[in-house]
$ cat model_30.cif   # mmCIF, C-alpha atoms and all ligand atoms
data_target
#
loop_
_atom_site.label_atom_id
_atom_site.label_comp_id
_atom_site.auth_asym_id
_atom_site.auth_seq_id
_atom_site.Cartn_x
_atom_site.Cartn_y
_atom_site.Cartn_z
CA MET A 650 0.00 0.00 0.00
CA LYS A 651 1.03 3.61 -0.51
CA ILE A 652 1.50 5.41 2.79
CA PHE A 653 2.16 9.11 3.49
CA SER A 654 2.44 10.93 6.79
CA GLY A 655 4.27 13.84 8.37
CA ILE A 656 5.14 15.71 11.53
CA GLN A 657 5.67 19.47 11.92
CA PRO A 658 9.11 20.72 12.95
CA SER A 659 7.63 22.85 15.71
CA GLY A 660 8.31 22.47 19.42
CA GLU A 661 9.65 19.23 20.86
CA ILE A 662 8.53 15.92 19.40
CA HIS A 663 6.71 14.21 22.23
CA LEU A 664 5.45 10.88 23.43
CA GLY A 665 2.04 11.41 21.75
CA ASN A 666 3.72 11.81 18.34
CA TYR A 667 5.86 8.73 19.00
CA LEU A 668 3.28 6.34 20.44
CA ALA A 669 0.36 7.27 18.17
CA VAL A 670 2.17 7.92 14.92
CA ILE A 671 5.85 6.98 14.63
CA LYS A 672 5.16 3.52 16.10
CA GLN A 673 2.55 2.95 13.37
CA TRP A 674 5.10 3.97 10.74
CA LEU A 675 7.57 1.45 12.14
CA ASP A 676 4.97 -1.31 11.74
CA LEU A 677 4.08 -0.21 8.22
CA GLN A 678 7.52 0.35 6.73
CA SER A 679 8.47 -3.25 5.95
CA LYS A 680 5.50 -4.16 3.77
CA ASN A 681 4.46 -0.86 2.17
CA ASP A 682 5.72 2.04 0.05
CA CYS A 683 6.07 4.72 2.70
CA ILE A 684 6.80 8.42 2.50
CA PHE A 685 7.57 10.24 5.75
CA CYS A 686 7.69 14.00 5.51
CA ILE A 687 8.84 16.86 7.73
CA VAL A 688 6.10 19.39 7.09
CA ASP A 689 7.86 22.72 7.55
CA TRP A 690 5.31 24.73 5.52
CA HIS A 691 2.65 23.66 8.01
CA ALA A 692 4.80 24.63 10.99
CA ILE A 693 5.01 28.28 9.86
CA THR A 694 1.23 28.84 9.98
CA VAL A 695 1.56 29.90 13.63
CA PRO A 696 4.22 32.25 15.09
CA TYR A 697 7.68 30.60 14.99
CA ASP A 698 11.37 31.48 15.15
CA PRO A 699 13.01 31.47 11.67
CA LYS A 700 16.47 31.23 13.26
CA ILE A 701 15.84 27.76 14.65
CA LEU A 702 13.58 26.29 11.96
CA GLN A 703 16.41 24.45 10.17
CA GLN A 704 17.62 23.01 13.47
CA LYS A 705 14.07 21.81 14.23
CA ILE A 706 13.84 20.14 10.81
CA LYS A 707 17.07 18.24 11.48
CA GLU A 708 15.84 17.29 14.93
CA VAL A 709 12.70 15.70 13.47
CA ALA A 710 14.80 13.87 10.88
CA ALA A 711 17.07 12.60 13.68
CA ILE A 712 14.00 11.32 15.52
CA TYR A 713 12.70 9.49 12.42
CA LEU A 714 16.06 7.79 11.98
CA THR A 715 16.63 7.03 15.66
CA ALA A 716 13.16 5.52 15.95
CA GLY A 717 14.21 3.03 13.26
CA LEU A 718 12.76 4.33 9.99
CA SER A 719 14.95 3.22 7.12
CA PRO A 720 16.01 5.97 4.68
CA LYS A 721 16.65 3.31 2.02
CA LYS A 722 13.33 1.55 2.25
CA ASN A 723 11.25 4.73 2.82
CA ILE A 724 11.30 8.20 1.32
CA ILE A 725 12.18 10.70 4.06
CA PHE A 726 12.17 14.36 3.05
CA THR A 727 11.30 17.96 3.90
CA GLN A 728 8.05 19.30 2.41
CA SER A 729 9.54 22.64 1.25
CA ALA A 730 12.13 20.80 -0.86
CA VAL A 731 9.39 19.65 -3.27
CA LYS A 732 7.70 22.73 -4.75
CA GLU A 733 4.85 20.71 -6.26
CA HIS A 734 3.21 20.69 -2.80
CA THR A 735 2.46 24.43 -3.09
CA GLU A 736 1.37 24.22 -6.70
CA LEU A 737 -1.13 21.47 -5.96
CA ALA A 738 -2.28 23.23 -2.78
CA TRP A 739 -3.13 26.33 -4.82
CA LEU A 740 -5.09 24.31 -7.37
CA LEU A 741 -6.97 22.40 -4.67
CA ASN A 742 -7.81 25.72 -2.98
CA THR A 743 -9.93 26.56 -6.02
CA ILE A 744 -12.24 23.59 -5.41
CA THR A 745 -12.40 23.75 -1.60
CA PRO A 746 -15.32 25.67 -0.04
CA ILE A 747 -14.22 28.13 2.66
CA GLY A 748 -17.01 26.77 4.87
CA ASP A 749 -15.31 23.34 4.94
CA LEU A 750 -12.12 24.97 6.24
CA GLN A 751 -13.87 27.16 8.79
CA ARG A 752 -15.51 24.19 10.45
CA MET A 753 -12.22 22.31 11.05
CA THR A 754 -11.67 21.74 14.77
CA GLN A 755 -7.93 22.46 14.56
CA PHE A 756 -8.58 25.81 12.84
CA LYS A 757 -11.07 26.80 15.52
CA GLU A 758 -8.69 25.79 18.32
CA LYS A 759 -5.54 27.33 16.84
CA SER A 760 -7.21 30.57 15.79
CA ALA A 761 -8.55 30.95 19.33
CA LYS A 762 -5.07 30.32 20.73
CA HIS A 763 -3.25 32.73 18.36
CA ILE A 764 -6.02 35.28 18.28
CA LYS A 765 -3.79 38.15 17.09
CA ASN A 766 -2.10 36.11 14.36
CA VAL A 767 -4.78 34.25 12.45
CA CYS A 768 -3.30 34.11 8.94
CA ALA A 769 -4.92 32.75 5.78
CA GLY A 770 -2.34 29.93 5.92
CA LEU A 771 -3.89 28.63 9.12
CA LEU A 772 -7.29 28.41 7.43
CA ASN A 773 -5.81 26.80 4.30
CA TYR A 774 -3.61 24.41 6.29
CA PRO A 775 -5.81 21.36 5.50
CA VAL A 776 -5.61 22.12 1.75
CA LEU A 777 -1.80 21.96 1.88
CA MET A 778 -2.15 18.74 3.86
CA ALA A 779 -4.50 17.37 1.17
CA ALA A 780 -1.88 18.29 -1.45
CA ASP A 781 0.82 16.42 0.54
CA ILE A 782 -1.34 13.32 0.59
CA LEU A 783 -2.81 13.41 -2.93
CA LEU A 784 0.48 14.20 -4.74
CA TYR A 785 1.71 10.70 -3.93
CA GLN A 786 -1.55 8.86 -4.72
CA THR A 787 -1.62 7.86 -1.05
CA GLU A 788 -3.98 5.10 0.09
CA VAL A 789 -3.36 5.19 3.83
CA VAL A 790 -2.44 8.07 6.15
CA PRO A 791 -1.33 6.97 9.64
CA VAL A 792 -2.06 9.82 12.08
CA GLY A 793 -3.31 10.60 15.59
CA GLN A 794 -7.01 11.11 16.34
CA ASP A 795 -6.82 14.91 15.99
CA GLN A 796 -5.82 14.67 12.30
CA LYS A 797 -8.64 12.32 11.24
CA GLN A 798 -10.87 15.22 10.23
CA HIS A 799 -8.15 16.65 7.96
CA VAL A 800 -7.62 13.29 6.22
CA GLU A 801 -11.37 13.00 5.68
CA LEU A 802 -11.36 16.45 4.10
CA ALA A 803 -8.44 15.42 1.84
CA ARG A 804 -10.54 12.44 0.72
CA GLU A 805 -13.50 14.74 0.02
CA ILE A 806 -11.29 17.14 -1.98
CA ALA A 807 -9.98 14.20 -4.03
CA ARG A 808 -13.50 12.94 -4.64
CA ARG A 809 -14.63 16.39 -5.73
CA PHE A 810 -11.63 16.84 -8.04
CA ASN A 811 -12.17 13.44 -9.67
CA ALA A 812 -15.86 14.15 -10.20
CA ARG A 813 -15.16 17.52 -11.83
CA PHE A 814 -11.95 16.89 -13.82
CA GLY A 815 -11.85 13.11 -14.29
CA ASP A 816 -10.28 10.32 -12.30
CA THR A 817 -6.92 11.67 -11.11
CA PHE A 818 -6.42 11.00 -7.40
CA THR A 819 -6.52 7.90 -5.22
CA LEU A 820 -8.98 8.38 -2.33
CA PRO A 821 -6.95 8.24 0.92
CA GLN A 822 -8.06 7.05 4.31
CA ALA A 823 -6.77 7.66 7.83
CA ARG A 824 -5.20 4.91 9.93
CA ILE A 825 -5.59 5.47 13.65
CA MET A 826 -4.45 3.30 16.56
CA LYS A 827 -7.18 1.65 18.63
CA ILE A 828 -5.32 2.47 21.86
CA GLY A 829 -3.27 5.64 22.23
CA ALA A 830 -4.70 7.61 19.29
CA LYS A 831 -4.89 10.55 21.66
CA ILE A 832 -2.27 10.75 24.40
CA MET A 833 -3.32 13.33 26.95
CA SER A 834 -1.46 16.19 28.61
CA LEU A 835 0.29 15.18 31.86
CA THR A 836 -1.04 18.18 33.74
CA GLU A 837 -4.49 18.48 32.12
CA PRO A 838 -5.42 14.93 31.14
CA THR A 839 -8.65 15.97 29.41
CA LYS A 840 -6.59 17.87 26.76
CA LYS A 841 -4.30 16.30 24.16
CA MET A 842 -0.55 16.34 24.74
CA SER A 843 0.68 19.05 22.39
CA LYS A 844 4.03 20.34 21.14
CA SER A 845 2.97 23.91 21.58
CA ASP A 846 2.08 23.60 25.27
CA LYS A 847 4.35 24.06 28.30
CA PRO A 848 7.17 21.50 28.83
CA GLU A 849 5.64 20.01 32.00
CA THR A 850 2.56 18.91 30.00
CA CYS A 851 4.46 16.47 27.83
CA ILE A 852 7.38 14.07 27.71
CA GLY A 853 9.85 15.04 24.97
CA LEU A 854 11.73 12.21 23.30
CA PHE A 855 15.05 13.79 24.28
CA ASP A 856 14.10 14.42 27.93
CA THR A 857 16.73 13.43 30.49
CA PRO A 858 15.97 10.77 33.15
CA GLU A 859 15.67 13.55 35.74
CA GLN A 860 13.14 15.46 33.66
CA ILE A 861 11.12 12.29 33.04
CA LYS A 862 11.04 11.40 36.76
CA LYS A 863 9.98 14.91 37.70
CA LYS A 864 7.27 15.21 35.05
CA ILE A 865 5.74 11.79 35.79
CA ALA A 866 5.87 12.35 39.56
CA SER A 867 3.97 15.62 39.17
CA ALA A 868 1.53 14.36 36.50
CA THR A 869 -2.07 15.04 37.51
CA THR A 870 -3.80 11.97 38.90
CA ASP A 871 -7.36 11.54 40.08
CA SER A 872 -9.11 11.17 43.40
CA GLY A 873 -8.73 7.75 45.03
CA GLN A 874 -5.63 5.56 44.77
CA GLU A 875 -6.79 2.68 42.60
CA ILE A 876 -4.89 1.88 39.38
CA LYS A 877 -8.01 1.47 37.19
CA TYR A 878 -8.66 2.45 33.57
CA ASN A 879 -11.66 4.75 33.28
CA PRO A 880 -11.01 7.71 30.96
CA ASN A 881 -14.21 9.56 31.98
CA GLU A 882 -13.85 9.32 35.73
CA LYS A 883 -10.09 8.86 36.06
CA PRO A 884 -8.52 10.57 33.01
CA GLY A 885 -5.10 11.05 34.65
CA ILE A 886 -4.32 7.47 35.63
CA SER A 887 -6.04 6.16 32.46
CA ASN A 888 -3.64 8.21 30.34
CA LEU A 889 -0.64 6.92 32.30
CA LEU A 890 -1.93 3.33 31.96
CA THR A 891 -2.25 3.82 28.19
CA ILE A 892 1.34 5.09 27.99
CA HIS A 893 2.60 2.17 30.08
CA SER A 894 0.66 -0.35 27.99
CA LEU A 895 2.05 0.97 24.68
CA LEU A 896 5.63 0.94 25.98
CA SER A 897 5.52 -2.40 27.80
CA ASN A 898 3.25 -4.21 25.32
CA LYS A 899 1.14 -5.38 28.27
CA THR A 900 -2.64 -5.04 28.07
CA ILE A 901 -4.34 -2.50 30.31
CA LYS A 902 -6.14 -5.40 32.05
CA ASP A 903 -2.79 -7.07 32.84
CA LEU A 904 -1.45 -3.79 34.22
CA GLU A 905 -4.53 -3.30 36.42
CA ASN A 906 -3.96 -6.80 37.83
CA GLU A 907 -0.22 -6.27 38.27
CA PHE A 908 -0.78 -3.05 40.23
CA THR A 909 -3.77 -4.15 42.30
CA GLY A 910 -3.42 -2.84 45.85
CA GLN A 911 -0.52 -0.51 44.92
CA ASN A 912 -0.72 3.26 44.95
CA TYR A 913 -0.24 5.96 42.29
CA GLN A 914 3.26 6.73 43.49
CA THR A 915 4.53 3.18 42.97
CA PHE A 916 2.89 3.01 39.55
CA LYS A 917 4.41 6.34 38.55
CA GLN A 918 7.89 5.24 39.63
CA LYS A 919 7.62 2.10 37.47
CA LEU A 920 6.30 4.12 34.53
CA ALA A 921 9.17 6.62 34.83
CA GLU A 922 11.70 3.74 34.75
CA LEU A 923 10.02 2.29 31.68
CA LEU A 924 10.09 5.65 29.90
CA ILE A 925 13.74 6.27 30.77
CA GLU A 926 14.65 2.86 29.33
CA ASN A 927 12.56 3.30 26.15
CA LEU A 928 13.78 6.81 25.40
CA GLU A 929 17.47 6.10 26.02
CA PRO A 930 18.25 5.46 22.32
CA PHE A 931 16.87 8.89 21.43
CA ARG A 932 19.13 10.65 23.92
CA ASN A 933 22.19 8.69 22.82
CA LYS A 934 21.70 9.00 19.07
CA LYS A 935 20.87 12.70 19.22
CA SER A 936 24.45 13.58 20.01
CA GLU A 937 25.66 11.21 17.27
CA PHE A 938 23.66 13.10 14.63
CA GLU A 939 24.63 16.45 16.12
CA LYS A 940 28.27 15.54 15.57
CA ASN A 941 27.64 14.68 11.94
CA PRO A 942 24.77 16.77 10.51
CA ALA A 943 25.90 15.99 6.93
CA ILE A 944 24.37 12.49 7.24
CA ILE A 945 20.93 14.01 7.71
CA ASP A 946 21.39 16.55 4.89
CA LYS A 947 22.28 13.73 2.52
CA ILE A 948 19.32 11.57 3.51
CA LEU A 949 16.88 14.47 3.12
CA ALA A 950 18.32 15.50 -0.27
CA ASN A 951 18.03 11.95 -1.54
CA GLY A 952 14.48 11.67 -0.19
CA ALA A 953 13.47 14.95 -1.84
CA SER A 954 14.70 13.88 -5.26
CA ARG A 955 12.81 10.56 -5.01
CA ALA A 956 9.65 12.34 -3.82
CA GLU A 957 9.93 14.98 -6.56
CA LYS A 958 9.78 12.37 -9.33
CA ILE A 959 6.46 11.01 -8.07
CA ALA A 960 5.09 14.51 -7.40
CA GLN A 961 5.97 15.67 -10.93
CA GLU A 962 4.16 12.71 -12.51
CA THR A 963 0.99 13.55 -10.57
CA MET A 964 1.26 17.26 -11.41
CA GLU A 965 1.44 16.52 -15.14
CA LYS A 966 -1.86 14.66 -14.88
CA VAL A 967 -3.43 17.40 -12.75
CA ARG A 968 -2.45 20.25 -15.10
CA LEU A 969 -3.76 18.35 -18.10
CA ALA A 970 -7.03 17.52 -16.35
CA MET A 971 -7.54 21.17 -15.32
CA GLY A 972 -6.70 22.58 -18.75
CA LEU A 973 -3.50 24.28 -17.62
P1 LIG A 1001 0.50 20.96 17.88
O1 LIG A 1001 -0.30 20.43 19.03
O2 LIG A 1001 1.40 22.06 18.22
O3 LIG A 1001 -0.33 21.20 16.66
P2 LIG A 1001 1.27 18.27 17.64
O4 LIG A 1001 1.84 17.86 18.93
O5 LIG A 1001 -0.15 17.90 17.32
O6 LIG A 1001 1.48 19.81 17.46
P3 LIG A 1001 1.95 17.55 14.97
O7 LIG A 1001 3.20 17.68 14.21
O8 LIG A 1001 0.86 18.48 14.60
O9 LIG A 1001 2.20 17.71 16.52
O10 LIG A 1001 1.44 16.06 14.91
C1 LIG A 1001 2.11 15.00 14.32
C2 LIG A 1001 1.29 13.76 14.44
O11 LIG A 1001 1.18 13.39 15.81
C3 LIG A 1001 -0.16 13.87 13.94
O12 LIG A 1001 -0.50 12.69 13.24
C4 LIG A 1001 -0.97 14.01 15.18
O13 LIG A 1001 -2.27 13.48 15.03
C5 LIG A 1001 -0.17 13.18 16.16
N1 LIG A 1001 -0.35 13.64 17.53
C6 LIG A 1001 -0.04 14.84 18.02
N2 LIG A 1001 -0.31 14.92 19.33
C7 LIG A 1001 -0.83 13.73 19.67
C8 LIG A 1001 -1.30 13.17 20.89
N3 LIG A 1001 -1.32 13.88 22.00
N4 LIG A 1001 -1.75 11.90 20.89
C9 LIG A 1001 -1.74 11.18 19.76
N5 LIG A 1001 -1.30 11.64 18.57
C10 LIG A 1001 -0.85 12.88 18.53
N1 LIG A 1002 -1.29 18.33 9.94
C1 LIG A 1002 -0.51 17.23 10.40
C2 LIG A 1002 0.84 17.16 9.76
C3 LIG A 1002 0.72 16.82 8.32
C4 LIG A 1002 0.37 15.56 7.77
C5 LIG A 1002 0.38 15.74 6.36
C6 LIG A 1002 0.04 14.33 8.33
C7 LIG A 1002 0.93 17.67 7.29
N2 LIG A 1002 0.73 17.01 6.11
C8 LIG A 1002 0.03 14.70 5.50
C9 LIG A 1002 -0.30 13.31 7.46
C10 LIG A 1002 -0.30 13.49 6.06
C11 LIG A 1002 -0.37 17.33 11.89
O1 LIG A 1002 0.09 16.43 12.44
N3 LIG A 1002 -0.68 18.38 12.54
#
$ encode --input "model_30.cif" --output "structure tokens" --more "lines below"
Ligand code: ATP
Ligand code: LTN
Amino acid sequence: MKIFSGIQPSGEIHLGNYLAVIKQWLDLQSKNDCIFCIVDWHAITVPYDPKILQQKIKEVAAIYLTAGLSPKKNIIFTQSAVKEHTELAWLLNTITPIGDLQRMTQFKEKSAKHIKNVCAGLLNYPVLMAADILLYQTEVVPVGQDQKQHVELAREIARRFNARFGDTFTLPQARIMKIGAKIMSLTEPTKKMSKSDKPETCIGLFDTPEQIKKKIASATTDSGQEIKYNPNEKPGISNLLTIHSLLSNKTIKDLENEFTGQNYQTFKQKLAELLIENLEPFRNKKSEFEKNPAIIDKILANGASRAEKIAQETMEKVRLAMGL
């Protein structure tokens, strides 16, 4: 199957990105044609620091590689290196009703958060995302729960384009994990863990053991002391159980049994140990890539030239279909 997905080079890549998305990519890479993108044009739709954007792009690439994504088997590249993404986004803008964009949950949330800086790019964000997906005739888009609505819109845009200009695009669909599709904030477990929130709300993949211990120890838990999964009544401990389950490959039921009669503090200590162990490769490899940034530049350049070939083929079809 043809797979496409991406992560924005904004903020610190966190456990939610890793458990809900990168882990899916790792499962998919052996049997599918996968493209993993670093979506820098999406990251600049909210205020950002141009001086550190390139460093952030490399950091995301380092995370992809450290997690175990193969640059030979998969195409790994930066969105802005393939100009066809903007060309297709513009063309798709002409068939996308503004109303569809205004009702997107992410647009409503982000425009409320950045009230003084609501640019047209933030509204058109899902059209660029549709272009990313449709350029590569993608069948499956592995993402977290919050991006499902955008993938559905991409499918609708493709359907509309095909109906108006003739069969051109494959209709994509989202792939979402059954457990862990939405990892919650450590301090406000009814909100999703997000890159753009304060550091104490999320575990970054490069966090030190001390930071991990501190953040888990102060993660919000619920009233009572029982280690029981119940996202409505006990969102804090349920989120921590989900994280444990995804890292240890134990079911939530098994974890509830294992921790029967124990308190939150003991559970949190065990979870912190598990996180420290699982994130160790990220901390170690980060310095390796920092010492030799040329490796990453080469991988991204190679990925961009492979991606560009596919993107150009699609664009030829699109221009012809639209009479351009
Ligand atoms: P921001 O919150 O600042 O928009 P983000 O943390 O959502 O950033 P993205 O680059 O937008 O990061 O997301 C990359 C991928 O990670 C997307 O597929 C998204 O659905 C997924 N994702 C992000 N946060 C979570 C989370 N808390 N739980 C599960 N998946 C998540
Ligand atoms: N909007 C996504 C990032 C993204 C993406 C994509 C994901 C941009 N283009 C194409 C999958 C496919 C987000 O995670 N916020």
$ residues_near_ligand --input "model_30.cif" --ligand "ligand LIG 1001 (chain A)" --cutoff "9 Å" --atoms "only C-alpha atoms and all ligand atoms" --output "ChimeraX atom specification"
/A:654-671,687-688,691-692,755,759,790-797,825-826,829-834,840-846,851
$ residues_around --input "model_30.cif" --residues "Gly952 in chain A" --least-positions-apart "6" --cutoff "10 Å" --atoms "all atoms listed in the file" --output "PyMOL selection string"
chain A and resi 684-686+720-721+723-727+730-731+946
$ atom_distance --input "model_30.cif" --atom1 "atom N3 of ligand LIG 1002 (chain A)" --atom2 "CA of Ile861 in chain A"
24.4 Å
$ residues_around --input "model_30.cif" --residues "His734 in chain A" --least-positions-apart "2" --cutoff "12 Å" --atoms "only C-alpha atoms" --output "PyMOL selection string"
chain A and resi 686+688-691+727-732+736-741+774+776-785+953+956-957+959-961+963-964
$ closest_residue --input "model_30.cif" --among "A:Gln786, A:Asn742, A:Gln914, A:Asn881" --to "Ala769 in chain A" --atoms "all atoms listed in the file"
A:Asn742
$ atom_distance --input "model_30.cif" --atom1 "CA of Asn933 in chain A" --atom2 "CA of Ile828 in chain A"
28.2 Å
$ axis_aligned_box --input "model_30.cif" --around "ligand LIG 1002 (chain A)" --padding-each-side "4 Å" --output "AutoDock Vina command-line options"
--center_x -0.2 --center_y 15.8 --center_z 9.0 --size_x 10.2 --size_y 13.1 --size_z 15.0
$ closest_residue --input "model_30.cif" --among "A:Thr787, A:Gly717, A:Ala812, A:Asp749" --to "Asp682 in chain A" --atoms "only C-alpha atoms"
A:Thr787
$ atom_distance --input "model_30.cif" --atom1 "CA of Thr869 in chain A" --atom2 "CA of Thr836 in chain A"
5.0 Å
$ closest_residue --input "model_30.cif" --among "A:Ile945, A:Ile744, A:Ala823, A:Leu889" --to "Phe810 in chain A" --atoms "only C-alpha atoms"
A:Ile744
$ residues_around --input "model_30.cif" --residues "range 694-700 of chain A" --least-positions-apart "6" --cutoff "8 Å" --atoms "only C-alpha atoms" --output "tab-separated table (two decimals) with C-alpha atoms, keeping the file's coordinate frame"
chain	number	residue	atom	x	y	z
A	659	SER	CA	7.63	22.85	15.71
A	763	HIS	CA	-3.25	32.73	18.36
A	766	ASN	CA	-2.10	36.11	14.36
A	767	VAL	CA	-4.78	34.25	12.45
A	768	CYS	CA	-3.30	34.11	8.94
A	770	GLY	CA	-2.34	29.93	5.92
A	771	LEU	CA	-3.89	28.63	9.12
A	774	TYR	CA	-3.61	24.41	6.29
$ closest_residue --input "model_30.cif" --among "A:His893, A:Lys934, A:Arg804, A:Lys862" --to "ligand LIG 1002 (chain A)" --atoms "only C-alpha atoms and all ligand atoms"
A:Arg804
$ closest_residue --input "model_30.cif" --among "A:Lys917, A:Lys940, A:Lys765, A:Lys672" --to "Leu718 in chain A" --atoms "all atoms listed in the file"
A:Lys672
$ residues_around --input "model_30.cif" --residues "Lys935 in chain A" --least-positions-apart "5" --cutoff "9 Å" --atoms "all atoms listed in the file" --output "PyMOL selection string"
chain A and resi 708+711-712+715+855+930+940
$ closest_residue --input "model_30.cif" --among "A:Pro775, A:Pro858, A:Gly815, A:Pro942" --to "ligand LIG 1002 (chain A)" --atoms "all atoms listed in the file"
A:Pro775
$ residues_around --input "model_30.cif" --residues "Lys722 in chain A" --least-positions-apart "3" --cutoff "8 Å" --atoms "only C-alpha atoms" --output "number ranges by chain"
A: 678-679, 682-683, 719
$ build_atoms --input "model_30.cif" --residues "range 781-788 of chain A" --atoms "all heavy atoms" --output "short mmCIF file (atom, residue, chain, number, x, y, z; two decimals), keeping the file's coordinate frame"
data_model
loop_
_atom_site.label_atom_id
_atom_site.label_comp_id
_atom_site.auth_asym_id
_atom_site.auth_seq_id
_atom_site.Cartn_x
_atom_site.Cartn_y
_atom_site.Cartn_z
N ASP A 781 -0.24 17.35 0.12
CA ASP A 781 0.82 16.42 0.54
C ASP A 781 0.38 14.98 0.25
O ASP A 781 1.14 14.17 -0.29
CB ASP A 781 1.05 16.48 2.06
CG ASP A 781 1.53 17.83 2.56
OD1 ASP A 781 2.02 18.62 1.76
OD2 ASP A 781 1.39 18.07 3.79
N ILE A 782 -0.84 14.70 0.65
CA ILE A 782 -1.34 13.32 0.59
C ILE A 782 -1.63 12.91 -0.86
O ILE A 782 -1.21 11.84 -1.32
CB ILE A 782 -2.62 13.20 1.45
CG1 ILE A 782 -2.28 13.46 2.93
CG2 ILE A 782 -3.29 11.84 1.27
CD1 ILE A 782 -3.49 13.64 3.84
N LEU A 783 -2.33 13.78 -1.60
CA LEU A 783 -2.81 13.41 -2.93
C LEU A 783 -1.70 13.36 -3.98
O LEU A 783 -1.77 12.59 -4.93
CB LEU A 783 -3.94 14.36 -3.37
CG LEU A 783 -5.14 14.43 -2.42
CD1 LEU A 783 -6.22 15.34 -2.98
CD2 LEU A 783 -5.73 13.05 -2.13
N LEU A 784 -0.65 14.18 -3.78
CA LEU A 784 0.48 14.20 -4.74
C LEU A 784 1.07 12.82 -4.95
O LEU A 784 1.61 12.52 -6.00
CB LEU A 784 1.60 15.08 -4.18
CG LEU A 784 1.78 16.49 -4.68
CD1 LEU A 784 3.03 17.08 -4.05
CD2 LEU A 784 1.87 16.57 -6.21
N TYR A 785 1.04 12.01 -3.88
CA TYR A 785 1.71 10.70 -3.93
C TYR A 785 0.73 9.54 -4.11
O TYR A 785 1.08 8.40 -3.88
CB TYR A 785 2.60 10.54 -2.68
CG TYR A 785 3.61 11.66 -2.60
CD1 TYR A 785 3.36 12.80 -1.84
CD2 TYR A 785 4.76 11.62 -3.38
CE1 TYR A 785 4.25 13.86 -1.83
CE2 TYR A 785 5.66 12.69 -3.38
CZ TYR A 785 5.41 13.80 -2.61
OH TYR A 785 6.28 14.85 -2.62
N GLN A 786 -0.50 9.87 -4.51
CA GLN A 786 -1.55 8.86 -4.72
C GLN A 786 -1.65 7.94 -3.50
O GLN A 786 -1.76 6.71 -3.59
CB GLN A 786 -1.27 8.03 -6.00
CG GLN A 786 -1.08 8.86 -7.25
CD GLN A 786 -2.37 9.58 -7.72
OE1 GLN A 786 -3.43 9.42 -7.15
NE2 GLN A 786 -2.25 10.39 -8.76
N THR A 787 -1.63 8.57 -2.33
CA THR A 787 -1.62 7.86 -1.05
C THR A 787 -2.92 7.10 -0.80
O THR A 787 -4.01 7.64 -1.03
CB THR A 787 -1.41 8.89 0.08
OG1 THR A 787 -0.23 9.63 -0.21
CG2 THR A 787 -1.32 8.23 1.44
N GLU A 788 -2.78 5.87 -0.29
CA GLU A 788 -3.98 5.10 0.09
C GLU A 788 -4.26 5.23 1.59
O GLU A 788 -5.40 5.31 2.01
CB GLU A 788 -3.78 3.63 -0.28
CG GLU A 788 -3.64 3.42 -1.78
CD GLU A 788 -3.10 2.04 -2.11
OE1 GLU A 788 -3.90 1.11 -2.22
OE2 GLU A 788 -1.86 1.89 -2.23
#
